[in-house]
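Shown next: final_16.pdb, given as PDB, C-alpha atoms.
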ATOM      1  CA  MET A  25      47.277 156.395 102.318
ATOM      2  CA  THR A  26      46.590 153.496  99.986
ATOM      3  CA  ARG A  27      48.929 150.583  99.575
ATOM      4  CA  PRO A  28      50.089 151.407  95.987
ATOM      5  CA  SER A  29      50.864 155.032  96.857
ATOM      6  CA  ARG A  30      52.824 153.916  99.926
ATOM      7  CA  LEU A  31      54.817 151.519  97.766
ATOM      8  CA  THR A  32      55.468 154.302  95.254
ATOM      9  CA  LEU A  33      56.774 156.573  98.008
ATOM     10  CA  VAL A  34      59.027 153.851  99.401
ATOM     11  CA  LEU A  35      60.453 153.060  95.964
ATOM     12  CA  ALA A  36      60.994 156.763  95.199
ATOM     13  CA  GLY A  37      62.816 157.090  98.513
ATOM     14  CA  LEU A  38      65.024 154.124  97.669
ATOM     15  CA  ILE A  39      65.883 155.632  94.288
ATOM     16  CA  ALA A  40      66.731 158.954  95.941
ATOM     17  CA  ALA A  41      68.890 157.177  98.530
ATOM     18  CA  ALA A  42      70.706 155.265  95.787
ATOM     19  CA  ALA A  43      71.324 158.528  93.911
ATOM     20  CA  VAL A  44      72.768 160.160  97.026
ATOM     21  CA  MET A  45      74.951 157.107  97.651
ATOM     22  CA  GLY A  46      76.136 157.243  94.034
ATOM     23  CA  ILE A  47      77.202 160.839  94.550
ATOM     24  CA  LEU A  48      78.802 160.372  97.972
ATOM     25  CA  LEU A  49      80.618 157.092  97.360
ATOM     26  CA  GLY A  50      83.426 156.617  94.893
ATOM     27  CA  GLU A  51      87.192 156.378  94.797
ATOM     28  CA  THR A  52      87.201 159.244  97.292
ATOM     29  CA  VAL A  53      84.317 159.189  99.752
ATOM     30  CA  PHE A  54      82.671 162.597 100.254
ATOM     31  CA  THR A  55      81.615 163.769 103.674
ATOM     32  CA  MET A  56      78.611 166.006 104.153
ATOM     33  CA  ALA A  57      80.995 168.911 104.882
ATOM     34  CA  GLN A  58      82.697 168.395 101.519
ATOM     35  CA  MET A  59      79.308 168.231  99.820
ATOM     36  CA  SER A  60      78.244 171.533 101.360
ATOM     37  CA  GLN A  61      81.609 173.016 100.332
ATOM     38  CA  ALA A  62      80.995 171.819  96.763
ATOM     39  CA  PHE A  63      77.684 173.695  96.679
ATOM     40  CA  ALA A  64      79.112 176.811  98.374
ATOM     41  CA  ASP A  65      82.350 177.056  96.355
ATOM     42  CA  PRO A  66      81.990 175.787  92.764
ATOM     43  CA  ALA A  67      85.756 176.149  92.189
ATOM     44  CA  SER A  68      86.758 173.739  94.958
ATOM     45  CA  GLY A  69      88.148 170.249  94.395
ATOM     46  CA  PRO A  70      85.072 168.418  95.684
ATOM     47  CA  ALA A  71      82.862 170.558  93.435
ATOM     48  CA  GLU A  72      84.930 169.583  90.409
ATOM     49  CA  VAL A  73      84.481 165.888  91.180
ATOM     50  CA  LEU A  74      80.807 166.335  92.019
ATOM     51  CA  TRP A  75      79.743 168.324  88.946
ATOM     52  CA  GLN A  76      82.124 166.852  86.359
ATOM     53  CA  VAL A  77      82.055 163.161  87.314
ATOM     54  CA  ARG A  78      79.542 161.965  89.859
ATOM     55  CA  ALA A  79      76.402 164.022  89.191
ATOM     56  CA  PRO A  80      76.409 163.331  85.421
ATOM     57  CA  ARG A  81      76.984 159.631  86.081
ATOM     58  CA  VAL A  82      74.060 159.432  88.513
ATOM     59  CA  ALA A  83      71.797 161.486  86.225
ATOM     60  CA  THR A  84      72.656 159.254  83.267
ATOM     61  CA  ALA A  85      71.973 156.116  85.314
ATOM     62  CA  LEU A  86      68.567 157.461  86.371
ATOM     63  CA  MET A  87      67.622 158.408  82.798
ATOM     64  CA  VAL A  88      68.760 155.074  81.334
ATOM     65  CA  GLY A  89      66.872 153.160  84.018
ATOM     66  CA  ALA A  90      63.718 155.152  83.335
ATOM     67  CA  ALA A  91      64.083 154.645  79.573
ATOM     68  CA  LEU A  92      64.532 150.895  79.985
ATOM     69  CA  GLY A  93      61.478 150.696  82.228
ATOM     70  CA  LEU A  94      59.347 152.707  79.826
ATOM     71  CA  SER A  95      60.469 150.709  76.810
ATOM     72  CA  GLY A  96      59.668 147.461  78.604
ATOM     73  CA  ALA A  97      56.244 148.749  79.593
ATOM     74  CA  ALA A  98      55.608 149.914  76.021
ATOM     75  CA  MET A  99      56.583 146.508  74.631
ATOM     76  CA  GLN A 100      54.314 144.723  77.095
ATOM     77  CA  GLY A 101      51.450 147.073  76.255
ATOM     78  CA  LEU A 102      51.868 146.796  72.498
ATOM     79  CA  LEU A 103      52.060 143.013  72.576
ATOM     80  CA  ARG A 104      49.361 142.758  75.260
ATOM     81  CA  ASN A 105      51.605 140.298  77.051
ATOM     82  CA  PRO A 106      52.722 141.051  80.629
ATOM     83  CA  LEU A 107      55.658 138.657  80.215
ATOM     84  CA  ALA A 108      56.965 140.189  76.970
ATOM     85  CA  ASP A 109      60.698 140.756  76.734
ATOM     86  CA  PRO A 110      63.105 141.461  73.849
ATOM     87  CA  GLY A 111      63.359 137.731  73.154
ATOM     88  CA  VAL A 112      59.706 137.602  72.091
ATOM     89  CA  LEU A 113      60.390 139.720  69.014
ATOM     90  CA  GLY A 114      63.789 138.177  68.324
ATOM     91  CA  VAL A 115      65.726 141.291  69.293
ATOM     92  CA  SER A 116      68.097 139.417  71.611
ATOM     93  CA  SER A 117      68.755 136.691  69.062
ATOM     94  CA  SER A 118      69.368 139.206  66.276
ATOM     95  CA  ALA A 119      71.810 141.144  68.423
ATOM     96  CA  ALA A 120      73.665 137.945  69.309
ATOM     97  CA  PHE A 121      73.751 136.878  65.654
ATOM     98  CA  ALA A 122      75.131 140.238  64.511
ATOM     99  CA  ALA A 123      77.782 140.198  67.248
ATOM    100  CA  ALA A 124      78.809 136.644  66.347
ATOM    101  CA  ALA A 125      78.949 137.562  62.652
ATOM    102  CA  ALA A 126      81.196 140.520  63.455
ATOM    103  CA  ILE A 127      83.533 138.263  65.422
ATOM    104  CA  VAL A 128      83.665 135.605  62.694
ATOM    105  CA  LEU A 129      84.250 138.194  59.971
ATOM    106  CA  GLY A 130      87.193 139.658  61.900
ATOM    107  CA  ALA A 131      85.654 142.956  62.942
ATOM    108  CA  ALA A 132      86.449 142.181  66.586
ATOM    109  CA  ALA A 133      89.907 143.704  66.045
ATOM    110  CA  VAL A 134      88.278 147.133  65.774
ATOM    111  CA  PRO A 135      87.396 148.547  69.207
ATOM    112  CA  GLY A 136      83.623 148.740  69.657
ATOM    113  CA  ALA A 137      82.798 146.941  66.401
ATOM    114  CA  VAL A 138      81.133 143.969  68.086
ATOM    115  CA  GLU A 139      78.969 146.229  70.248
ATOM    116  CA  ILE A 140      77.958 148.389  67.291
ATOM    117  CA  SER A 141      77.158 145.281  65.254
ATOM    118  CA  ALA A 142      74.961 143.963  68.060
ATOM    119  CA  LEU A 143      73.188 147.314  68.275
ATOM    120  CA  ILE A 144      72.554 147.328  64.528
ATOM    121  CA  GLY A 145      71.278 143.738  64.652
ATOM    122  CA  ALA A 146      68.908 144.568  67.496
ATOM    123  CA  GLY A 147      67.713 147.676  65.681
ATOM    124  CA  LEU A 148      66.981 145.755  62.504
ATOM    125  CA  ALA A 149      64.963 143.168  64.413
ATOM    126  CA  GLY A 150      63.114 145.712  66.532
ATOM    127  CA  GLY A 151      62.072 147.784  63.572
TER     128      GLY A 151
END

Whole structure, structure tokens version:
Amino acid sequence: MTRPSRLTLVLAGLIAAAAVMGILLGETVFTMAQMSQAFADPASGPAEVLWQVRAPRVATALMVGAALGLSGAAMQGLLRNPLADPGVLGVSSSAAFAAAAAIVLGAAAVPGAVEISALIGAGLAGG
């Protein structure tokens, strides 16, 4: 087995372990018996917590992490710069400017307005 493939397997194992920990640990810690009960009886209490709260949260975290990694790799490839980050294109600065403008203009009183403004500013800079 080559060194890069061994590293890939180790990292995949760490991601899988983190996903399992994300499902097992929470406000109420699941035991393996409760996990098997959740798979055997979908109407049980542990199954409700597993399928309605923890599994979607872990799946979302995995998808967002993959999307961030792919977008970073795409940016580095497009710019042909292995050190490229959102600051190179001004995305971070534009997001900060839009958030600051929203605060100064009084939009901070509306819940989520600063975050949406920052997202719009980053989108305008990123194209």

Neighbour residues at most 12 Å from (78.8, 159.8, 89.8) (only C-alpha atoms) as an MDAnalysis selection string: chainID A and resid 42:54 72:86

Could you write those residues out with C-alpha atoms, as a JSON list (two decimals), in the frame of the given file?
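Okay, part31.json is ready:
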[["chain", "number", "residue", "atom", "x", "y", "z"],
["A", 42, "ALA", "CA", 70.71, 155.26, 95.79],
["A", 43, "ALA", "CA", 71.32, 158.53, 93.91],
["A", 44, "VAL", "CA", 72.77, 160.16, 97.03],
["A", 45, "MET", "CA", 74.95, 157.11, 97.65],
["A", 46, "GLY", "CA", 76.14, 157.24, 94.03],
["A", 47, "ILE", "CA", 77.20, 160.84, 94.55],
["A", 48, "LEU", "CA", 78.80, 160.37, 97.97],
["A", 49, "LEU", "CA", 80.62, 157.09, 97.36],
["A", 50, "GLY", "CA", 83.43, 156.62, 94.89],
["A", 51, "GLU", "CA", 87.19, 156.38, 94.80],
["A", 52, "THR", "CA", 87.20, 159.24, 97.29],
["A", 53, "VAL", "CA", 84.32, 159.19, 99.75],
["A", 54, "PHE", "CA", 82.67, 162.60, 100.25],
["A", 72, "GLU", "CA", 84.93, 169.58, 90.41],
["A", 73, "VAL", "CA", 84.48, 165.89, 91.18],
["A", 74, "LEU", "CA", 80.81, 166.34, 92.02],
["A", 75, "TRP", "CA", 79.74, 168.32, 88.95],
["A", 76, "GLN", "CA", 82.12, 166.85, 86.36],
["A", 77, "VAL", "CA", 82.06, 163.16, 87.31],
["A", 78, "ARG", "CA", 79.54, 161.96, 89.86],
["A", 79, "ALA", "CA", 76.40, 164.02, 89.19],
["A", 80, "PRO", "CA", 76.41, 163.33, 85.42],
["A", 81, "ARG", "CA", 76.98, 159.63, 86.08],
["A", 82, "VAL", "CA", 74.06, 159.43, 88.51],
["A", 83, "ALA", "CA", 71.80, 161.49, 86.22],
["A", 84, "THR", "CA", 72.66, 159.25, 83.27],
["A", 85, "ALA", "CA", 71.97, 156.12, 85.31],
["A", 86, "LEU", "CA", 68.57, 157.46, 86.37]]

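You can rank A:Ile127, A:Ala108, A:Ala120, A:Ala133 by their closest distance to Ala149 of chain A using all atoms listed in the file, and at the top of that list sits A:Ala120.
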
Nearest residue to Ala124 of chain A from the set A:Ala64, A:Ala142, A:Val112, A:Leu31 (distances using only C-alpha atoms):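 The shortest atom-to-atom distance to Ala124 of chain A comes from A:Ala142.
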
I'd like the neighbourhood of Asp109 of chain A as a compact mmCIF listing (two decimals) with C-alpha atoms, in the frame of the given file, where a residue qualifies if any of its atoms comes within 10 Å (using only C-alpha atoms), though same-chain residues fewer than 3 positions away should be ignored.
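What ended up in selection_27.txt:
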# COMPACT_ATOMS: atom_id res chain seq x y z
CA SER A 95 60.47 150.71 76.81
CA GLY A 96 59.67 147.46 78.60
CA ALA A 97 56.24 148.75 79.59
CA MET A 99 56.58 146.51 74.63
CA GLN A 100 54.31 144.72 77.10
CA LEU A 103 52.06 143.01 72.58
CA ASN A 105 51.60 140.30 77.05
CA PRO A 106 52.72 141.05 80.63
CA VAL A 112 59.71 137.60 72.09
CA LEU A 113 60.39 139.72 69.01
CA GLY A 114 63.79 138.18 68.32
CA VAL A 115 65.73 141.29 69.29
CA SER A 116 68.10 139.42 71.61

Atom pair atom CA of Ile140 of chain A / atom CA of Ala122 of chain A: separation (Å): 9.1 Å

Å distance separating atom CA of Ala123 of chain A from atom CA of Glu139 of chain A, one decimal place: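 So the answer is 6.8 Å.
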
Computed interatomic separation between atom CA of Ala125 of chain A and atom CA of Ser141 of chain A (Å): 8.3 Å

Which of A:Ala119, A:Ala137, A:Ala126, A:Leu33 sits closest to Gly150 of chain A [using all atoms listed in the file]: A:Ala119
